[in-house]
Structure formats: structure tokens, C-alpha cells
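Below is my_file_26.cif, which holds mmCIF, C-alpha atoms.
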```
data_work
#
loop_
_atom_site.group_PDB
_atom_site.id
_atom_site.type_symbol
_atom_site.label_atom_id
_atom_site.label_comp_id
_atom_site.auth_asym_id
_atom_site.auth_seq_id
_atom_site.Cartn_x
_atom_site.Cartn_y
_atom_site.Cartn_z
ATOM 1 C CA MET A 1 9.049 -9.047 -7.229
ATOM 2 C CA LYS A 2 10.277 -11.232 -4.395
ATOM 3 C CA THR A 3 12.324 -8.475 -2.769
ATOM 4 C CA VAL A 4 9.774 -5.633 -2.824
ATOM 5 C CA HIS A 5 8.223 -6.520 0.550
ATOM 6 C CA VAL A 6 11.611 -7.115 2.171
ATOM 7 C CA GLY A 7 12.915 -3.911 0.582
ATOM 8 C CA LEU A 8 10.026 -1.999 2.146
ATOM 9 C CA LEU A 9 10.856 -3.552 5.523
ATOM 10 C CA ILE A 10 14.527 -2.557 5.234
ATOM 11 C CA TRP A 11 13.564 0.980 4.185
ATOM 12 C CA LEU A 12 11.185 1.349 7.174
ATOM 13 C CA ILE A 13 13.773 0.006 9.621
ATOM 14 C CA HIS A 14 16.286 2.452 8.164
ATOM 15 C CA GLN A 15 13.798 5.357 8.394
ATOM 16 C CA ASN A 16 12.910 4.566 12.010
ATOM 17 C CA THR A 17 16.619 4.339 12.840
ATOM 18 C CA VAL A 18 17.775 7.482 11.024
ATOM 19 C CA LYS A 19 14.876 9.562 12.335
ATOM 20 C CA LYS A 20 15.327 8.089 15.835
ATOM 21 C CA SER A 21 11.675 7.093 16.167
ATOM 22 C CA TRP A 22 12.277 3.703 17.858
ATOM 23 C CA PRO A 23 12.015 5.187 21.386
ATOM 24 C CA ARG A 24 8.545 6.520 20.519
ATOM 25 C CA LEU A 25 7.208 3.040 19.641
ATOM 26 C CA ARG A 26 5.726 2.493 23.088
ATOM 27 C CA GLU A 27 4.169 5.958 23.157
ATOM 28 C CA ASN A 28 2.671 5.363 19.703
ATOM 29 C CA SER A 29 1.489 1.832 20.453
ATOM 30 C CA HIS A 30 -2.186 2.708 21.024
ATOM 31 C CA PRO A 31 -2.776 4.502 17.704
ATOM 32 C CA ILE A 32 -0.697 1.828 15.952
ATOM 33 C CA PHE A 33 -2.882 -0.861 17.514
ATOM 34 C CA TYR A 34 -5.995 1.071 16.396
ATOM 35 C CA VAL A 35 -4.773 1.076 12.761
ATOM 36 C CA VAL A 36 -3.822 -2.616 12.907
ATOM 37 C CA VAL A 37 -7.255 -3.531 14.320
ATOM 38 C CA CYS A 38 -9.018 -1.496 11.612
ATOM 39 C CA ASN A 39 -6.976 -3.218 8.912
ATOM 40 C CA SER A 40 -7.618 -6.612 10.521
ATOM 41 C CA LEU A 41 -11.346 -5.901 10.397
ATOM 42 C CA TYR A 42 -11.003 -5.146 6.688
ATOM 43 C CA TYR A 43 -9.310 -8.515 6.130
ATOM 44 C CA TYR A 44 -12.073 -10.263 8.059
ATOM 45 C CA ILE A 45 -14.995 -8.445 6.413
ATOM 46 C CA GLN A 46 -13.571 -8.690 2.901
ATOM 47 C CA LYS A 47 -12.015 -12.161 3.228
ATOM 48 C CA LYS A 48 -14.132 -13.582 0.396
ATOM 49 C CA TYR A 49 -13.856 -10.472 -1.767
ATOM 50 C CA PRO A 50 -10.431 -8.867 -1.246
ATOM 51 C CA LEU A 51 -9.847 -5.537 -2.946
ATOM 52 C CA TRP A 52 -6.107 -6.019 -3.147
ATOM 53 C CA THR A 53 -3.774 -8.974 -2.982
ATOM 54 C CA PHE A 54 -0.086 -9.123 -2.107
ATOM 55 C CA HIS A 55 2.219 -11.213 -4.274
ATOM 56 C CA SER A 56 5.632 -12.759 -3.741
ATOM 57 C CA GLN A 57 7.577 -15.618 -5.253
ATOM 58 C CA VAL A 58 8.892 -16.670 -1.840
ATOM 59 C CA MET A 59 6.069 -15.841 0.606
ATOM 60 C CA GLY A 60 2.437 -16.950 0.539
ATOM 61 C CA GLU A 61 -0.466 -14.505 0.484
ATOM 62 C CA PHE A 62 -1.561 -15.327 4.052
ATOM 63 C CA PHE A 63 1.961 -14.715 5.386
ATOM 64 C CA LEU A 64 2.251 -11.482 3.381
ATOM 65 C CA LYS A 65 -0.987 -10.130 4.883
ATOM 66 C CA PHE A 66 0.312 -10.730 8.384
ATOM 67 C CA PHE A 67 3.771 -9.446 7.472
ATOM 68 C CA HIS A 68 2.226 -6.145 6.364
ATOM 69 C CA LEU A 69 -0.299 -6.076 9.193
ATOM 70 C CA LEU A 70 2.062 -6.841 12.075
ATOM 71 C CA ILE A 71 5.420 -5.513 10.836
ATOM 72 C CA ILE A 72 5.162 -3.093 7.894
ATOM 73 C CA MET A 73 2.143 -1.160 9.133
ATOM 74 C CA PRO A 74 3.385 -0.679 12.726
ATOM 75 C CA LEU A 75 6.804 0.471 11.491
ATOM 76 C CA SER A 76 5.201 2.866 9.040
ATOM 77 C CA MET A 77 2.756 4.251 11.600
ATOM 78 C CA ASN A 78 5.491 4.657 14.218
ATOM 79 C CA ARG A 79 7.513 6.650 11.724
ATOM 80 C CA PHE A 80 4.475 8.780 10.838
ATOM 81 C CA LEU A 81 3.386 9.436 14.424
ATOM 82 C CA SER A 82 6.875 10.162 15.740
ATOM 83 C CA GLU A 83 7.198 13.461 13.892
ATOM 84 C CA LEU A 84 3.540 14.478 13.654
ATOM 85 C CA PRO A 85 3.503 18.278 14.159
ATOM 86 C CA ASP A 86 1.325 19.911 16.795
ATOM 87 C CA ARG A 87 0.330 22.946 14.732
ATOM 88 C CA SER A 88 -2.664 22.423 12.427
ATOM 89 C CA SER A 89 -1.119 24.021 9.338
ATOM 90 C CA LYS A 90 2.050 21.948 9.583
ATOM 91 C CA ARG A 91 0.030 18.848 10.487
ATOM 92 C CA ALA A 92 -2.073 19.111 7.318
ATOM 93 C CA LEU A 93 1.018 19.362 5.098
ATOM 94 C CA TYR A 94 2.705 16.528 6.979
ATOM 95 C CA ILE A 95 -0.329 14.260 6.519
ATOM 96 C CA LEU A 96 -0.527 15.199 2.832
ATOM 97 C CA LYS A 97 3.158 14.286 2.436
ATOM 98 C CA TRP A 98 2.514 10.870 4.011
ATOM 99 C CA ILE A 99 -0.520 10.251 1.789
ATOM 100 C CA LEU A 100 1.603 11.015 -1.279
ATOM 101 C CA VAL A 101 4.572 8.918 -0.116
ATOM 102 C CA SER A 102 2.333 5.974 0.814
ATOM 103 C CA SER A 103 0.562 6.168 -2.533
ATOM 104 C CA LEU A 104 3.903 6.332 -4.344
ATOM 105 C CA VAL A 105 5.177 3.268 -2.456
ATOM 106 C CA GLU A 106 1.977 1.426 -3.340
ATOM 107 C CA TRP A 107 2.302 2.506 -6.999
ATOM 108 C CA PHE A 108 5.834 1.111 -7.027
ATOM 109 C CA GLY A 109 4.555 -2.169 -5.513
ATOM 110 C CA LEU A 110 1.840 -2.289 -8.166
ATOM 111 C CA LYS A 111 4.349 -1.751 -10.995
ATOM 112 C CA ALA A 112 6.698 -4.363 -9.478
ATOM 113 C CA GLY A 113 3.882 -6.925 -9.241
ATOM 114 C CA ALA A 114 3.995 -7.078 -5.434
ATOM 115 C CA ILE A 115 0.342 -6.044 -5.146
ATOM 116 C CA SER A 116 -2.660 -6.196 -7.436
ATOM 117 C CA PHE A 117 -6.070 -4.584 -7.243
ATOM 118 C CA LYS A 118 -9.475 -6.176 -7.739
ATOM 119 C CA LYS A 119 -13.150 -5.221 -7.986
ATOM 120 C CA GLY A 120 -12.572 -1.614 -9.029
ATOM 121 C CA TRP A 121 -9.973 -0.772 -6.385
ATOM 122 C CA ASN A 122 -7.235 1.604 -7.562
ATOM 123 C CA LEU A 123 -4.596 4.012 -6.264
ATOM 124 C CA ALA A 124 -7.179 6.768 -5.784
ATOM 125 C CA TRP A 125 -9.107 4.532 -3.352
ATOM 126 C CA SER A 126 -5.840 3.715 -1.590
ATOM 127 C CA ALA A 127 -5.097 7.445 -1.225
ATOM 128 C CA PHE A 128 -8.607 7.838 0.222
ATOM 129 C CA ILE A 129 -7.833 5.132 2.796
ATOM 130 C CA TYR A 130 -4.427 6.658 3.592
ATOM 131 C CA THR A 131 -6.116 10.023 4.163
ATOM 132 C CA PHE A 132 -8.444 8.576 6.765
ATOM 133 C CA MET A 133 -5.773 6.331 8.277
ATOM 134 C CA TYR A 134 -3.367 9.208 8.899
ATOM 135 C CA ILE A 135 -5.983 11.718 10.024
ATOM 136 C CA LEU A 136 -7.772 9.287 12.337
ATOM 137 C CA SER A 137 -4.568 7.882 13.848
ATOM 138 C CA SER A 138 -3.475 11.425 14.672
ATOM 139 C CA ILE A 139 -6.898 12.131 16.220
ATOM 140 C CA TYR A 140 -6.679 8.846 18.134
ATOM 141 C CA GLN A 141 -3.682 10.202 20.053
ATOM 142 C CA ARG A 142 -5.913 12.919 21.505
ATOM 143 C CA SER A 143 -9.357 11.306 21.566
ATOM 144 C CA ARG A 144 -9.845 7.581 21.106
ATOM 145 C CA PHE A 145 -13.621 7.851 21.170
ATOM 146 C CA LEU A 146 -13.688 10.538 18.486
ATOM 147 C CA ALA A 147 -11.327 8.591 16.187
ATOM 148 C CA ILE A 148 -13.279 5.356 16.560
ATOM 149 C CA SER A 149 -16.577 7.198 16.002
ATOM 150 C CA MET A 150 -15.214 8.937 12.920
ATOM 151 C CA SER A 151 -14.009 5.584 11.545
ATOM 152 C CA MET A 152 -17.545 4.275 11.205
ATOM 153 C CA LEU A 153 -18.748 6.426 8.302
ATOM 154 C CA PRO A 154 -15.875 5.859 5.834
ATOM 155 C CA ALA A 155 -15.764 2.162 6.777
ATOM 156 C CA ALA A 156 -19.497 1.748 6.169
ATOM 157 C CA PHE A 157 -19.239 3.649 2.881
ATOM 158 C CA LEU A 158 -16.381 1.456 1.623
ATOM 159 C CA ILE A 159 -18.062 -1.774 2.723
ATOM 160 C CA PHE A 160 -21.257 -0.767 0.951
ATOM 161 C CA LYS A 161 -19.443 0.458 -2.167
ATOM 162 C CA PHE A 162 -17.234 -2.592 -2.640
ATOM 163 C CA ARG A 163 -19.438 -5.397 -1.273
ATOM 164 C CA LYS A 164 -21.871 -4.715 -4.107
ATOM 165 C CA ASN A 165 -19.147 -5.419 -6.647
ATOM 166 C CA LYS A 166 -18.298 -9.074 -5.934
ATOM 167 C CA LYS A 167 -16.934 -9.901 -9.398
#
```
Would you mind writing the structure in this file as C-alpha cells?
Amino acid sequence: MKTVHVGLLIWLIHQNTVKKSWPRLRENSHPIFYVVVCNSLYYYIQKKYPLWTFHSQVMGEFFLKFFHLLIIMPLSMNRFLSELPDRSSKRALYILKWILVSSLVEWFGLKAGAISFKKGWNLAWSAFIYTFMYILSSIYQRSRFLAISMSMLPAAFLIFKFRKNKK
């Protein structure tokens, strides 16, 4: 359990190195920042009623949140954005691949005890979030206003859906 988060970090560093996406980090910084801000808002809004919790034997929950927010997520998003295809048909398949890979990584973390779900959250809801995260971050590259506007409806839906269930 204690090495799952570090293992994910090593894998993402390796992926960004092998796929040569490090030079694109600056170019991708705005959509990465958008995703980090959206996730930060989740942590703030749901601070009393988290839907998932990270676990580690060597790192505290607060540190793990920031580790994922400021290191894991930016590395993952840089990797995603660096090879995002221009053509719509290829883009849809590429996004689907990333939704599946992200969900598989989360499933592995769940099985390893590195993350747990609460209040009815499950992998299907995570896949839902990944869908919006990848689609909206790709839209953000072209139209910030459109991506931010489109973020409102799923965010409001999820807040309403999961704030009701405070158990």
C-alpha cells in the first residue's frame, strides 16, 4: 500500500520521459491549471464529506491530497494533452483510452488499499469525472470560456447528488 502513490509517480515520470512530453509542459500549463483548480474546488466544497480518501502507511491524507493535486495530476494531464489528436474521430478514441486507463489505475489503487470510496462513490462515478476532465481540458486549449461554462452543469449535478448523501 505504501508504494502505490510513489509507483504512480514513477510511472508518470517514465511516461512523460519516454513519450517526450516534458517540453510541452509549459504549453499545457493553462489546461493543467484549470484541472487542478477544479479539483481544488472539489476538495474545498466536499471537505466535510469527501467522496474518496487516499491512504498510505507513510504519508498523511492531507499530504496525499496535495501530492496528487500538485504532482500526479499535472504529470498525468501533461501526458494526456501532449499527444491529444487534432482530428475528432481520433480525439474521441484517444479520450476513451485515457478514461479507461485512468479508471484501471484507480481500480488498482482501490484493490491495493491506496484509495477508498465513500457515500456511494464508485468507479463508474470516477469514469464519469474522467470523461468530463479529459473532454473539458481538451476544449480548454481552444476556448477557456466554453470549457469553464461547460464545467458548471456536471459540477452542480455532482454537488447536488452527493451533498444529499452525507452519511
| task | Name the closest residue to Val36 (chain A) among the candidates A:Met152, A:Ile95, A:Met133, A:Val6; distances are taken between atoms, counting all atoms listed in the file. | result | A:Met133
Skip Tyr34 (chain A) itself and residues of its chain fewer than 3 positions away, then list as a PDB file with C-alpha atoms, keeping the file's coordinate frame all residues within 12 Å of it, counting only C-alpha atoms.
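Below you can see selection.pdb, which holds the result:
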```pdb
ATOM      1  CA  ASN A  28       2.671   5.363  19.703  1.00  0.00           C
ATOM      2  CA  SER A  29       1.489   1.832  20.453  1.00  0.00           C
ATOM      3  CA  HIS A  30      -2.186   2.708  21.024  1.00  0.00           C
ATOM      4  CA  PRO A  31      -2.776   4.502  17.704  1.00  0.00           C
ATOM      5  CA  VAL A  37      -7.255  -3.531  14.320  1.00  0.00           C
ATOM      6  CA  CYS A  38      -9.018  -1.496  11.612  1.00  0.00           C
ATOM      7  CA  ASN A  39      -6.976  -3.218   8.912  1.00  0.00           C
ATOM      8  CA  SER A  40      -7.618  -6.612  10.521  1.00  0.00           C
ATOM      9  CA  LEU A  41     -11.346  -5.901  10.397  1.00  0.00           C
ATOM     10  CA  LEU A  69      -0.299  -6.076   9.193  1.00  0.00           C
ATOM     11  CA  MET A  73       2.143  -1.160   9.133  1.00  0.00           C
ATOM     12  CA  PRO A  74       3.385  -0.679  12.726  1.00  0.00           C
ATOM     13  CA  MET A  77       2.756   4.251  11.600  1.00  0.00           C
ATOM     14  CA  MET A 133      -5.773   6.331   8.277  1.00  0.00           C
ATOM     15  CA  TYR A 134      -3.367   9.208   8.899  1.00  0.00           C
ATOM     16  CA  LEU A 136      -7.772   9.287  12.337  1.00  0.00           C
ATOM     17  CA  SER A 137      -4.568   7.882  13.848  1.00  0.00           C
ATOM     18  CA  SER A 138      -3.475  11.425  14.672  1.00  0.00           C
ATOM     19  CA  ILE A 139      -6.898  12.131  16.220  1.00  0.00           C
ATOM     20  CA  TYR A 140      -6.679   8.846  18.134  1.00  0.00           C
ATOM     21  CA  GLN A 141      -3.682  10.202  20.053  1.00  0.00           C
ATOM     22  CA  SER A 143      -9.357  11.306  21.566  1.00  0.00           C
ATOM     23  CA  ARG A 144      -9.845   7.581  21.106  1.00  0.00           C
ATOM     24  CA  PHE A 145     -13.621   7.851  21.170  1.00  0.00           C
ATOM     25  CA  ALA A 147     -11.327   8.591  16.187  1.00  0.00           C
ATOM     26  CA  ILE A 148     -13.279   5.356  16.560  1.00  0.00           C
ATOM     27  CA  SER A 151     -14.009   5.584  11.545  1.00  0.00           C
TER      28      SER A 151
END
```
| said: So, with only C-alpha atoms as the atoms that count, which of A:Ile71, A:Ala155, A:Leu51, A:Leu9 lies closest to Gly120 (chain A)? | reply: A:Leu51
Please enclose the listed atoms of region 148-167 of chain A in an axis-aligned box, pad each side by 5 Å, and write out the centre and the three edge lengths in Å, rounded to one decimal, as lines of an AutoDock Vina configuration file.
```
center_x = -17.6
center_y = -0.5
center_z = 3.6
size_x = 18.6
size_y = 28.8
size_z = 36.0
```
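Proximity to Leu93 (chain A) was assessed for A:Leu123, A:Met150, A:Ile135, A:Leu75 counting all atoms listed in the file; the smallest distance is recorded for A:Ile135.
Closest to Ser82 (chain A) among A:Gly109, A:Pro23, A:Pro50, A:Gly60 is A:Pro23, based on only C-alpha atoms.
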| task | Mind checking which residues fall within 12 Å of Gly113 (chain A), counting only C-alpha atoms, ignoring those fewer than 5 positions away in the same chain, and posting them as a PyMOL selection string? | result | chain A and resi 1-5+52-57+106-108
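For the residues A:Val18, A:Leu64, A:Ala127, A:Val35, ranking by smallest atom-to-atom distance to Ile115 (chain A) using all atoms listed in the file places A:Leu64 first.
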| Selection result for the PyMOL selection byres ((chain A and resi 20-22) around 10) on this file, as JSON, numbers by chain | {"A": [13, 14, 15, 16, 17, 18, 19, 23, 24, 25, 26, 27, 28, 75, 78, 79, 80, 81, 82, 83]}
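Between CA of Val58 (chain A) and CA of Trp125 (chain A) the separation is 27.9 Å.
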| Selection under test: the PyMOL selection byres ((chain A and resi 119) around 12); residues as number ranges by chain | A: 46, 48-53, 116-118, 120-122, 125, 161-167
Include C-alpha atoms and write out the residues we just selected as a PDB file, keeping the file's coordinate frame.
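Once everything was written out, this is again-v9.pdb:
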```pdb
ATOM      1  CA  GLN A  46     -13.571  -8.690   2.901  1.00  0.00           C
ATOM      2  CA  LYS A  48     -14.132 -13.582   0.396  1.00  0.00           C
ATOM      3  CA  TYR A  49     -13.856 -10.472  -1.767  1.00  0.00           C
ATOM      4  CA  PRO A  50     -10.431  -8.867  -1.246  1.00  0.00           C
ATOM      5  CA  LEU A  51      -9.847  -5.537  -2.946  1.00  0.00           C
ATOM      6  CA  TRP A  52      -6.107  -6.019  -3.147  1.00  0.00           C
ATOM      7  CA  THR A  53      -3.774  -8.974  -2.982  1.00  0.00           C
ATOM      8  CA  SER A 116      -2.660  -6.196  -7.436  1.00  0.00           C
ATOM      9  CA  PHE A 117      -6.070  -4.584  -7.243  1.00  0.00           C
ATOM     10  CA  LYS A 118      -9.475  -6.176  -7.739  1.00  0.00           C
ATOM     11  CA  GLY A 120     -12.572  -1.614  -9.029  1.00  0.00           C
ATOM     12  CA  TRP A 121      -9.973  -0.772  -6.385  1.00  0.00           C
ATOM     13  CA  ASN A 122      -7.235   1.604  -7.562  1.00  0.00           C
ATOM     14  CA  TRP A 125      -9.107   4.532  -3.352  1.00  0.00           C
ATOM     15  CA  LYS A 161     -19.443   0.458  -2.167  1.00  0.00           C
ATOM     16  CA  PHE A 162     -17.234  -2.592  -2.640  1.00  0.00           C
ATOM     17  CA  ARG A 163     -19.438  -5.397  -1.273  1.00  0.00           C
ATOM     18  CA  LYS A 164     -21.871  -4.715  -4.107  1.00  0.00           C
ATOM     19  CA  ASN A 165     -19.147  -5.419  -6.647  1.00  0.00           C
ATOM     20  CA  LYS A 166     -18.298  -9.074  -5.934  1.00  0.00           C
ATOM     21  CA  LYS A 167     -16.934  -9.901  -9.398  1.00  0.00           C
TER      22      LYS A 167
END
```
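Here CA of Leu12 (chain A) and CA of Ile72 (chain A) stand 7.5 Å from one another.
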| request: Could you tell me how far CA of Ala112 (chain A) lies from CA of Leu70 (chain A), in Å and to one decimal? | output: 22.2 Å
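Candidate residues A:Lys97, A:Tyr43, A:Ile159, A:Pro154 were compared for distance to Phe62 (chain A), and the nearest is A:Tyr43, using all atoms listed in the file.
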